[in-house]
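protein.cif (mmCIF, C-alpha atoms)
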data_work
loop_
_atom_site.label_atom_id
_atom_site.label_comp_id
_atom_site.auth_asym_id
_atom_site.auth_seq_id
_atom_site.Cartn_x
_atom_site.Cartn_y
_atom_site.Cartn_z
CA MET V 1 -36.31 -161.42 168.73
CA ARG V 2 -35.90 -164.53 166.61
CA ARG V 3 -33.90 -167.26 168.30
CA GLU V 4 -33.28 -170.70 166.81
CA GLY V 5 -32.06 -173.70 168.69
CA GLY V 6 -28.42 -174.51 168.15
CA GLU V 7 -27.23 -177.34 165.96
CA THR V 8 -24.17 -179.33 166.91
CA MET V 9 -22.30 -180.99 164.09
CA ALA V 10 -19.29 -183.13 164.92
CA VAL V 11 -16.81 -180.29 165.42
CA VAL V 12 -18.65 -177.01 164.66
CA ASP V 13 -21.63 -175.50 166.49
CA TYR V 14 -24.23 -173.32 164.78
CA GLU V 15 -27.04 -171.21 166.20
CA VAL V 16 -29.02 -168.13 165.26
CA ASP V 17 -29.70 -165.36 167.77
CA GLY V 18 -31.96 -162.74 166.20
CA ARG V 19 -30.11 -161.32 163.20
CA ILE V 20 -26.77 -162.87 164.19
CA ALA V 21 -25.60 -166.35 163.24
CA ARG V 22 -23.04 -167.78 165.63
CA ILE V 23 -20.52 -170.35 164.43
CA ALA V 24 -18.15 -171.90 166.97
CA LEU V 25 -15.28 -174.29 166.33
CA ASN V 26 -15.86 -177.10 168.81
CA ARG V 27 -12.81 -179.28 169.48
CA PRO V 28 -11.88 -177.61 172.79
CA GLU V 29 -9.90 -180.59 174.07
CA VAL V 30 -7.29 -179.95 171.34
CA MET V 31 -7.67 -176.15 171.16
CA ASN V 32 -9.93 -176.55 168.11
CA ALA V 33 -7.12 -178.04 166.05
CA ILE V 34 -8.10 -178.66 162.43
CA ASN V 35 -8.97 -182.20 161.42
CA ASP V 36 -10.57 -183.47 158.21
CA GLU V 37 -14.09 -182.58 159.35
CA LEU V 38 -13.63 -179.05 160.66
CA PRO V 39 -13.13 -177.20 157.33
CA VAL V 40 -16.11 -179.02 155.79
CA GLU V 41 -18.42 -178.25 158.70
CA LEU V 42 -17.23 -174.64 158.88
CA ALA V 43 -18.15 -174.08 155.23
CA ALA V 44 -21.51 -175.80 155.73
CA ALA V 45 -22.34 -173.53 158.66
CA VAL V 46 -21.36 -170.43 156.65
CA ALA V 47 -23.56 -171.60 153.77
CA ARG V 48 -26.48 -172.08 156.14
CA ALA V 49 -26.10 -168.57 157.54
CA ASP V 50 -25.72 -167.14 154.06
CA ALA V 51 -28.95 -168.78 152.93
CA ASP V 52 -30.97 -167.61 155.94
CA PRO V 53 -32.93 -164.45 155.01
CA GLY V 54 -33.08 -163.44 158.66
CA VAL V 55 -29.32 -163.47 159.28
CA HIS V 56 -27.45 -160.21 158.75
CA VAL V 57 -24.09 -160.92 160.42
CA ILE V 58 -21.99 -163.99 161.26
CA VAL V 59 -19.86 -164.19 164.41
CA LEU V 60 -17.16 -166.87 164.36
CA SER V 61 -15.45 -168.02 167.57
CA GLY V 62 -13.85 -171.04 169.20
CA ARG V 63 -14.88 -173.08 172.23
CA GLY V 64 -12.49 -173.69 175.10
CA PRO V 65 -9.09 -172.11 175.73
CA ALA V 66 -8.28 -170.94 172.19
CA PHE V 67 -9.77 -169.94 168.87
CA CYS V 68 -7.75 -172.46 166.82
CA ALA V 69 -4.28 -173.94 167.28
CA GLY V 70 -3.84 -174.89 163.62
CA TYR V 71 -3.79 -178.33 162.07
CA ASP V 72 -3.98 -181.30 164.42
CA LEU V 73 -0.33 -182.35 164.40
CA THR V 74 -0.97 -185.57 166.29
CA TYR V 75 -3.03 -186.56 163.27
CA TYR V 76 -1.07 -184.93 160.47
CA ALA V 77 2.56 -184.77 161.69
CA GLU V 78 2.98 -187.74 164.00
CA GLY V 79 0.51 -189.65 161.84
CA ASN V 80 -0.32 -188.83 158.26
CA GLY V 81 -3.99 -187.96 158.12
CA SER V 82 -6.42 -189.18 155.50
CA GLY V 83 -5.01 -186.66 153.04
CA GLU V 84 -1.51 -188.16 153.26
CA VAL V 85 0.03 -184.77 153.97
CA THR V 86 3.45 -186.35 153.48
CA GLN V 87 3.39 -188.91 150.68
CA GLU V 88 5.88 -191.59 149.85
CA MET V 89 8.34 -190.49 147.17
CA PRO V 90 7.84 -189.78 144.36
CA TRP V 91 4.98 -187.66 145.58
CA ASP V 92 1.98 -186.58 143.52
CA PRO V 93 1.67 -182.78 143.82
CA ILE V 94 -1.85 -182.74 142.38
CA LYS V 95 -3.09 -185.20 145.00
CA ASP V 96 -1.66 -182.92 147.68
CA TYR V 97 -2.96 -179.77 145.98
CA SER V 98 -6.49 -181.20 145.70
CA PHE V 99 -6.62 -181.96 149.42
CA MET V 100 -5.25 -178.59 150.55
CA TRP V 101 -7.15 -176.53 147.96
CA ARG V 102 -10.43 -177.97 149.26
CA ASN V 103 -9.52 -176.85 152.77
CA THR V 104 -8.46 -173.42 151.52
CA GLN V 105 -11.78 -172.96 149.76
CA HIS V 106 -13.67 -174.06 152.86
CA PHE V 107 -11.82 -171.39 154.86
CA MET V 108 -12.53 -168.87 152.12
CA SER V 109 -16.26 -169.46 152.52
CA LEU V 110 -15.96 -166.76 155.18
CA TRP V 111 -14.62 -164.34 152.58
CA ARG V 112 -17.16 -165.33 149.90
CA SER V 113 -20.20 -165.21 152.19
CA MET V 114 -22.60 -162.42 151.29
CA LYS V 115 -23.03 -161.76 155.01
CA PRO V 116 -20.17 -160.02 156.86
CA VAL V 117 -18.18 -162.20 159.24
CA ILE V 118 -16.63 -161.06 162.53
CA CYS V 119 -14.00 -163.40 163.95
CA LYS V 120 -13.50 -163.29 167.73
CA VAL V 121 -10.05 -164.52 168.76
CA HIS V 122 -9.10 -165.52 172.27
CA GLY V 123 -6.17 -167.68 173.33
CA ALA V 124 -4.50 -168.35 170.00
CA ALA V 125 -5.15 -168.25 166.26
CA VAL V 126 -1.97 -169.81 164.96
CA ALA V 127 -0.76 -171.74 161.90
CA GLY V 128 -3.89 -172.95 160.05
CA GLY V 129 -5.97 -171.21 162.70
CA SER V 130 -4.62 -167.88 161.49
CA ASP V 131 -5.69 -168.83 157.96
CA ILE V 132 -9.26 -169.14 159.24
CA ALA V 133 -9.22 -165.96 161.34
CA LEU V 134 -7.77 -163.83 158.56
CA CYS V 135 -10.42 -164.95 156.04
CA ALA V 136 -13.07 -163.16 158.09
CA ASP V 137 -14.07 -159.62 157.19
CA LEU V 138 -13.26 -158.22 160.63
CA THR V 139 -11.06 -159.86 163.26
CA VAL V 140 -11.13 -158.72 166.88
CA MET V 141 -8.60 -160.19 169.31
CA ALA V 142 -8.05 -160.23 173.03
CA GLU V 143 -4.93 -158.21 173.74
CA GLU V 144 -3.20 -161.24 175.27
CA ALA V 145 -4.23 -163.64 172.49
CA THR V 146 -1.61 -164.69 169.95
CA ILE V 147 -1.53 -165.00 166.18
CA GLY V 148 1.17 -166.21 163.83
CA TYR V 149 2.09 -168.72 161.15
CA MET V 150 4.97 -170.65 162.68
CA PRO V 151 5.07 -173.35 159.94
CA ALA V 152 6.55 -170.64 157.68
CA ARG V 153 9.82 -171.74 159.37
CA VAL V 154 9.44 -175.28 158.04
CA TRP V 155 6.60 -177.55 156.82
CA GLY V 156 4.13 -174.93 155.69
CA CYS V 157 3.04 -171.96 153.57
CA PRO V 158 -0.21 -170.11 154.44
CA THR V 159 -2.53 -171.23 151.66
CA THR V 160 -5.03 -168.37 151.99
CA ALA V 161 -2.17 -165.84 151.62
CA MET V 162 -4.14 -163.31 153.66
CA TRP V 163 -1.04 -161.92 155.38
CA VAL V 164 0.00 -159.83 152.38
CA TYR V 165 -3.52 -158.54 151.73
CA ARG V 166 -3.92 -157.38 155.31
CA LEU V 167 -0.39 -156.16 155.99
CA GLY V 168 1.27 -155.27 152.70
CA ALA V 169 4.50 -156.79 151.46
CA GLU V 170 7.08 -155.73 154.03
CA ARG V 171 5.14 -156.53 157.18
CA ALA V 172 3.93 -159.81 155.67
CA LYS V 173 7.55 -160.71 154.99
CA ARG V 174 8.49 -159.77 158.55
CA MET V 175 5.92 -162.27 159.86
CA LEU V 176 6.56 -165.09 157.41
CA PHE V 177 10.36 -164.84 157.32
CA THR V 178 10.41 -165.32 161.10
CA GLY V 179 7.32 -167.39 161.83
CA ASP V 180 6.87 -165.27 164.96
CA LYS V 181 3.75 -165.23 167.07
CA ILE V 182 2.55 -161.80 168.13
CA SER V 183 -0.02 -160.61 170.64
CA GLY V 184 -3.42 -159.27 169.76
CA ARG V 185 -2.20 -155.80 170.71
CA GLU V 186 0.78 -156.08 168.34
CA ALA V 187 -1.49 -157.45 165.60
CA ALA V 188 -3.88 -154.50 165.94
CA ASP V 189 -1.04 -151.98 165.99
CA MET V 190 0.41 -153.59 162.86
CA GLY V 191 -2.95 -153.48 161.07
CA LEU V 192 -3.28 -157.26 160.81
CA VAL V 193 -6.59 -157.26 162.72
CA LEU V 194 -9.24 -154.63 163.30
CA GLU V 195 -8.61 -154.14 166.99
CA ALA V 196 -7.54 -155.72 170.27
CA VAL V 197 -9.26 -155.31 173.62
CA PRO V 198 -8.71 -156.68 177.11
CA ALA V 199 -9.91 -160.28 177.37
CA ASP V 200 -12.74 -159.38 179.75
CA ARG V 201 -14.11 -156.93 177.17
CA LEU V 202 -13.79 -159.15 174.10
CA ASP V 203 -17.33 -160.54 174.13
CA ASP V 204 -18.90 -157.14 174.73
CA ARG V 205 -16.89 -155.48 171.96
CA VAL V 206 -17.76 -158.14 169.39
CA GLU V 207 -21.43 -158.10 170.41
CA ALA V 208 -21.61 -154.32 170.08
CA LEU V 209 -19.99 -154.43 166.64
CA ALA V 210 -22.25 -157.26 165.46
CA ALA V 211 -25.37 -155.50 166.75
CA ARG V 212 -24.40 -152.27 165.00
CA MET V 213 -23.87 -154.08 161.70
CA ALA V 214 -27.02 -156.18 162.14
CA SER V 215 -29.13 -153.00 162.01
CA VAL V 216 -28.08 -152.50 158.37
CA PRO V 217 -30.18 -154.14 155.59
CA ILE V 218 -28.69 -157.36 154.24
CA ASN V 219 -28.52 -156.01 150.69
CA GLN V 220 -26.53 -152.99 151.85
CA LEU V 221 -24.07 -155.17 153.76
CA ALA V 222 -23.69 -157.51 150.79
CA MET V 223 -23.02 -154.70 148.33
CA GLN V 224 -20.36 -153.07 150.50
CA LYS V 225 -18.65 -156.42 151.03
CA LEU V 226 -18.71 -157.30 147.33
CA VAL V 227 -17.26 -153.95 146.29
CA ILE V 228 -14.38 -154.14 148.76
CA ASN V 229 -13.66 -157.82 148.12
CA GLN V 230 -13.57 -157.44 144.36
CA ALA V 231 -10.96 -154.69 144.67
CA ILE V 232 -8.68 -157.21 146.39
CA GLU V 233 -9.64 -160.11 144.15
CA GLN V 234 -8.74 -158.02 141.08
CA THR V 235 -5.12 -158.07 142.26
CA GLY V 236 -5.00 -161.81 141.55
CA MET V 237 -5.89 -163.26 144.94
CA MET V 238 -6.95 -166.65 143.59
CA GLN V 239 -3.72 -167.05 141.60
CA THR V 240 -1.73 -166.14 144.71
CA GLN V 241 -3.66 -168.70 146.76
CA ARG V 242 -3.12 -171.39 144.14
CA LEU V 243 0.63 -170.76 144.22
CA ALA V 244 0.65 -170.74 148.03
CA THR V 245 -1.26 -174.03 148.12
CA ILE V 246 1.20 -175.65 145.71
CA PHE V 247 4.12 -174.31 147.76
CA ASP V 248 2.51 -175.62 150.95
CA GLY V 249 2.67 -179.12 149.47
CA ILE V 250 6.28 -178.61 148.44
CA THR V 251 7.24 -177.49 151.95
CA ARG V 252 5.99 -180.82 153.32
CA HIS V 253 7.90 -182.83 150.70
CA SER V 254 11.16 -180.88 150.61
CA PRO V 255 14.19 -182.45 152.34
CA GLU V 256 13.61 -180.12 155.31
CA GLY V 257 9.90 -180.93 155.39
CA ILE V 258 10.62 -184.65 155.43
CA ASN V 259 13.13 -184.10 158.22
CA PHE V 260 10.50 -182.24 160.28
CA LYS V 261 7.95 -185.02 159.76
CA THR V 262 10.51 -187.68 160.69
CA ARG V 263 11.52 -185.69 163.77
CA ALA V 264 7.88 -185.33 164.86
CA GLU V 265 7.40 -189.07 164.51
CA ALA V 266 10.54 -189.76 166.52
CA VAL V 267 10.20 -187.30 169.42
CA GLY V 268 6.56 -186.21 169.19
CA TRP V 269 5.17 -183.12 167.51
CA LYS V 270 5.37 -180.94 170.62
CA GLN V 271 9.16 -181.24 170.81
CA ALA V 272 9.56 -180.90 167.04
CA VAL V 273 7.43 -177.75 167.06
CA ARG V 274 9.37 -176.32 170.00
CA GLU V 275 12.65 -176.87 168.13
CA ARG V 276 11.15 -175.27 165.02
CA ASP V 277 9.76 -172.24 166.81
CA GLU V 278 12.84 -171.68 168.99
CA GLY V 279 15.12 -171.96 165.97
CA SER V 280 17.22 -174.61 167.71
CA TRP V 281 17.20 -177.25 164.96
CA ASP V 282 18.86 -177.16 161.54
CA TRP V 283 16.26 -178.80 159.30
CA THR V 284 18.61 -178.97 156.32
CA ALA V 285 21.47 -180.71 158.17
CA ASN V 286 18.88 -182.43 160.40
CA GLU V 287 20.79 -181.77 163.59
CA GLU V 288 20.83 -179.33 166.47
CA LEU V 289 21.71 -175.83 165.32
CA PRO V 290 24.90 -174.43 166.90
CA ARG V 291 23.94 -171.88 169.52
CA ARG V 292 25.83 -169.02 167.81
CA ASN V 293 23.59 -169.43 164.73
CA ARG V 294 20.28 -169.28 166.59
#
Can I see the file as structure tokens?
Amino acid sequence: MRREGGETMAVVDYEVDGRIARIALNRPEVMNAINDELPVELAAAVARADADPGVHVIVLSGRGPAFCAGYDLTYYAEGNGSGEVTQEMPWDPIKDYSFMWRNTQHFMSLWRSMKPVICKVHGAAVAGGSDIALCADLTVMAEEATIGYMPARVWGCPTTAMWVYRLGAERAKRMLFTGDKISGREAADMGLVLEAVPADRLDDRVEALAARMASVPINQLAMQKLVINQAIEQTGMMQTQRLATIFDGITRHSPEGINFKTRAEAVGWKQAVRERDEGSWDWTANEELPRRNR
């Protein structure tokens, strides 16, 4: 069996084990929250696996207690990040679009890869982390893990737009109108992910699936993936993602988005996120929401 030594970039690990390339998000101290480097290194690791003639399958996972907790809000909400995710007014939508479109395309490297990608989710795959997980070809979750796009409530729009392609219109609306998090079991029952298994069986299930797929010739895997992907792409996926990326910028520069950013700076992002997710804050009036309206 071919086994290559692992390579550690700043925030993503890469190694090859026989016919399987293993990519792991590696910011465990912040639940693999997305910073400027992570999307770039993720795409570089996918490109390396794609170019390796010995790799048949890619397995994507996260180190530490979670798969990915979304964008690093200490950096982007309390601070402003190098991409200036909230600009001074008047804001430049193309500057914002360029920054977020690059990240979206880095996440979509999983989709575009000729090699099939299995995403293994434990802990949480939320907000931007769900964008990454749902770009994979197959997503397997621990039953107790969670997935959701909570910034749909304020300060975000999922730029990869994968919710509608995996769920259809009505269930995608149910998730994005509420910003709810759901368990791996609920996600599998809904059809959002391939399947959910008990946490102690997650590794074994993903390994069995990867091994089964790795026994198929690379050209066969690539052809099946291309046929299925093009059927979805023909519906206008890229145009949908462009619109979602533009809207994501607008959500961060709307009056409500500015109020969220200001609130995060004032009380810290953890409290601001709790108020957002609980539905206890009126982001338009910028005050506590009366209990009867929650």
On this file, the PyMOL selection byres ((chain V and resi 21) around 9) gives some set of residues; write that set as a PyMOL selection string.
chain V and resi 14-20+22-23+46+49+55-60
Mind pulling up the distance from atom CA of Val154 of chain V to atom CA of Pro28 of chain V?
26.0 Å
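A straight line drawn from atom CA of Glu41 of chain V to atom CA of His106 of chain V is 8.6 Å long.
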Apply the PyMOL selection byres ((chain V and resi 61-74) around 7) to the structure shown and report the selected residues as a PDB file with C-alpha atoms, keeping the file's coordinate frame.
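The result, written out as out10.pdb:
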ATOM      1  CA  ILE V  23     -20.520-170.350 164.430  1.00  0.00           C
ATOM      2  CA  ALA V  24     -18.150-171.900 166.970  1.00  0.00           C
ATOM      3  CA  LEU V  25     -15.280-174.290 166.330  1.00  0.00           C
ATOM      4  CA  ASN V  26     -15.860-177.100 168.810  1.00  0.00           C
ATOM      5  CA  PRO V  28     -11.880-177.610 172.790  1.00  0.00           C
ATOM      6  CA  MET V  31      -7.670-176.150 171.160  1.00  0.00           C
ATOM      7  CA  ASN V  32      -9.930-176.550 168.110  1.00  0.00           C
ATOM      8  CA  ALA V  33      -7.120-178.040 166.050  1.00  0.00           C
ATOM      9  CA  ILE V  34      -8.100-178.660 162.430  1.00  0.00           C
ATOM     10  CA  ASN V  35      -8.970-182.200 161.420  1.00  0.00           C
ATOM     11  CA  VAL V  59     -19.860-164.190 164.410  1.00  0.00           C
ATOM     12  CA  LEU V  60     -17.160-166.870 164.360  1.00  0.00           C
ATOM     13  CA  TYR V  75      -3.030-186.560 163.270  1.00  0.00           C
ATOM     14  CA  TYR V  76      -1.070-184.930 160.470  1.00  0.00           C
ATOM     15  CA  ALA V  77       2.560-184.770 161.690  1.00  0.00           C
ATOM     16  CA  GLU V  78       2.980-187.740 164.000  1.00  0.00           C
ATOM     17  CA  GLY V  79       0.510-189.650 161.840  1.00  0.00           C
ATOM     18  CA  CYS V 119     -14.000-163.400 163.950  1.00  0.00           C
ATOM     19  CA  LYS V 120     -13.500-163.290 167.730  1.00  0.00           C
ATOM     20  CA  VAL V 121     -10.050-164.520 168.760  1.00  0.00           C
ATOM     21  CA  HIS V 122      -9.100-165.520 172.270  1.00  0.00           C
ATOM     22  CA  GLY V 123      -6.170-167.680 173.330  1.00  0.00           C
ATOM     23  CA  ALA V 124      -4.500-168.350 170.000  1.00  0.00           C
ATOM     24  CA  ALA V 125      -5.150-168.250 166.260  1.00  0.00           C
ATOM     25  CA  VAL V 126      -1.970-169.810 164.960  1.00  0.00           C
ATOM     26  CA  ALA V 127      -0.760-171.740 161.900  1.00  0.00           C
ATOM     27  CA  GLY V 128      -3.890-172.950 160.050  1.00  0.00           C
ATOM     28  CA  GLY V 129      -5.970-171.210 162.700  1.00  0.00           C
ATOM     29  CA  TRP V 269       5.170-183.120 167.510  1.00  0.00           C
TER      30      TRP V 269
END
Env of Arg171 of chain V: 10 Å cut, atoms = all atoms listed in the file, seq-sep filter 6 positions within chain, self excluded. Answer as a tab-separated table (two decimals) with C-alpha atoms, in the coordinates of the input.
chain	number	residue	atom	x	y	z
V	163	TRP	CA	-1.04	-161.92	155.38
V	164	VAL	CA	0.00	-159.83	152.38
V	177	PHE	CA	10.36	-164.84	157.32
V	190	MET	CA	0.41	-153.59	162.86
V	191	GLY	CA	-2.95	-153.48	161.07
V	192	LEU	CA	-3.28	-157.26	160.81
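One distance worth recording is that between atom CA of Ile182 of chain V and atom CA of Ile147 of chain V, which is 5.5 Å.
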Let me know the centre plus edge lengths, in Å and rounded to one decimal, of a box with edges along x, y and z that contains all listed atoms of segment 201-208 of chain V and is padded by 4 Å on every side, as AutoDock Vina command-line options.
--center_x -17.7 --center_y -157.4 --center_z 173.3 --size_x 15.8 --size_y 14.2 --size_z 15.8
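Shortest separation to Pro116 of chain V among V:Arg263, V:Arg252, V:Arg294, V:Lys225 occurs at residue V:Lys225, atoms counted being only C-alpha atoms.
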Distance table requested - segment 104-199 of chain V against segment 254-262 of chain V, cut-off 12 Å, all atoms listed in the file: one row per qualifying residue with the closest atom pair and its distance in Å to one decimal, ordered by chain and rising residue number, as a Markdown table.
| residue | atom | partner | partner_atom | distance |
| --- | --- | --- | --- | --- |
| V:Pro151 | CA | V:Gly257 | CA | 10.1 |
| V:Ala152 | CA | V:Gly257 | CA | 11.1 |
| V:Arg153 | CA | V:Gly257 | CA | 10.0 |
| V:Val154 | CA | V:Gly257 | CA | 6.3 |
| V:Trp155 | CA | V:Gly257 | CA | 4.9 |
| V:Gly156 | CA | V:Gly257 | CA | 8.3 |
| V:Cys157 | CA | V:Gly257 | CA | 11.4 |
If you count all atoms listed in the file, the residue of V:Tyr165, V:Leu176, V:Gln224, V:Met150 closest to Val273 of chain V turns out to be V:Met150
Nearest to Ala196 of chain V by atom-to-atom distance, counting all atoms listed in the file, from V:Met141, V:Gln230, V:Met162, V:Ala244:
V:Met141
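Of the listed residues V:Val267, V:Met108, V:Val197, V:Leu209, the one whose atoms come nearest to Pro39 of chain V is V:Met108, with distances taken using only C-alpha atoms.
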Identify all residues satisfying the PyMOL selection byres ((chain V and resi 249) around 10) in the given file; provide them as a short mmCIF file (atom, residue, chain, number, x, y, z; two decimals) with C-alpha atoms, keeping the file's coordinate frame.
data_model
loop_
_atom_site.label_atom_id
_atom_site.label_comp_id
_atom_site.auth_asym_id
_atom_site.auth_seq_id
_atom_site.Cartn_x
_atom_site.Cartn_y
_atom_site.Cartn_z
CA VAL V 85 0.03 -184.77 153.97
CA THR V 86 3.45 -186.35 153.48
CA GLN V 87 3.39 -188.91 150.68
CA TRP V 91 4.98 -187.66 145.58
CA ASP V 92 1.98 -186.58 143.52
CA PRO V 93 1.67 -182.78 143.82
CA ILE V 94 -1.85 -182.74 142.38
CA LYS V 95 -3.09 -185.20 145.00
CA ASP V 96 -1.66 -182.92 147.68
CA TYR V 97 -2.96 -179.77 145.98
CA PHE V 99 -6.62 -181.96 149.42
CA MET V 100 -5.25 -178.59 150.55
CA TRP V 155 6.60 -177.55 156.82
CA GLY V 156 4.13 -174.93 155.69
CA CYS V 157 3.04 -171.96 153.57
CA THR V 159 -2.53 -171.23 151.66
CA ALA V 244 0.65 -170.74 148.03
CA THR V 245 -1.26 -174.03 148.12
CA ILE V 246 1.20 -175.65 145.71
CA PHE V 247 4.12 -174.31 147.76
CA ASP V 248 2.51 -175.62 150.95
CA ILE V 250 6.28 -178.61 148.44
CA THR V 251 7.24 -177.49 151.95
CA ARG V 252 5.99 -180.82 153.32
CA HIS V 253 7.90 -182.83 150.70
CA SER V 254 11.16 -180.88 150.61
CA GLY V 257 9.90 -180.93 155.39
#
Shell around Leu289 of chain V at 10 Å using only C-alpha atoms, local window under 4 positions removed, as number ranges by chain
V: 275, 279-283, 285, 293-294
Take the selection from the previous step and output its residues with C-alpha atoms, as an mmCIF file, in the coordinates of the input.
data_model
loop_
_atom_site.group_PDB
_atom_site.id
_atom_site.type_symbol
_atom_site.label_atom_id
_atom_site.label_comp_id
_atom_site.auth_asym_id
_atom_site.auth_seq_id
_atom_site.Cartn_x
_atom_site.Cartn_y
_atom_site.Cartn_z
ATOM 1 C CA GLU V 275 12.650 -176.870 168.130
ATOM 2 C CA GLY V 279 15.120 -171.960 165.970
ATOM 3 C CA SER V 280 17.220 -174.610 167.710
ATOM 4 C CA TRP V 281 17.200 -177.250 164.960
ATOM 5 C CA ASP V 282 18.860 -177.160 161.540
ATOM 6 C CA TRP V 283 16.260 -178.800 159.300
ATOM 7 C CA ALA V 285 21.470 -180.710 158.170
ATOM 8 C CA ASN V 293 23.590 -169.430 164.730
ATOM 9 C CA ARG V 294 20.280 -169.280 166.590
#
Closest of V:Arg205, V:Arg242, V:Arg185, V:Arg27 to Thr160 of chain V, counting all atoms listed in the file, is V:Arg242
I'd like the contact shell of Ile218 of chain V - 9 Å cut-off, all atoms listed in the file, skipping same-chain residues fewer than 4 positions apart - returned as an MDAnalysis selection string.
chainID V and resid 53:57 114:115 214 222:223
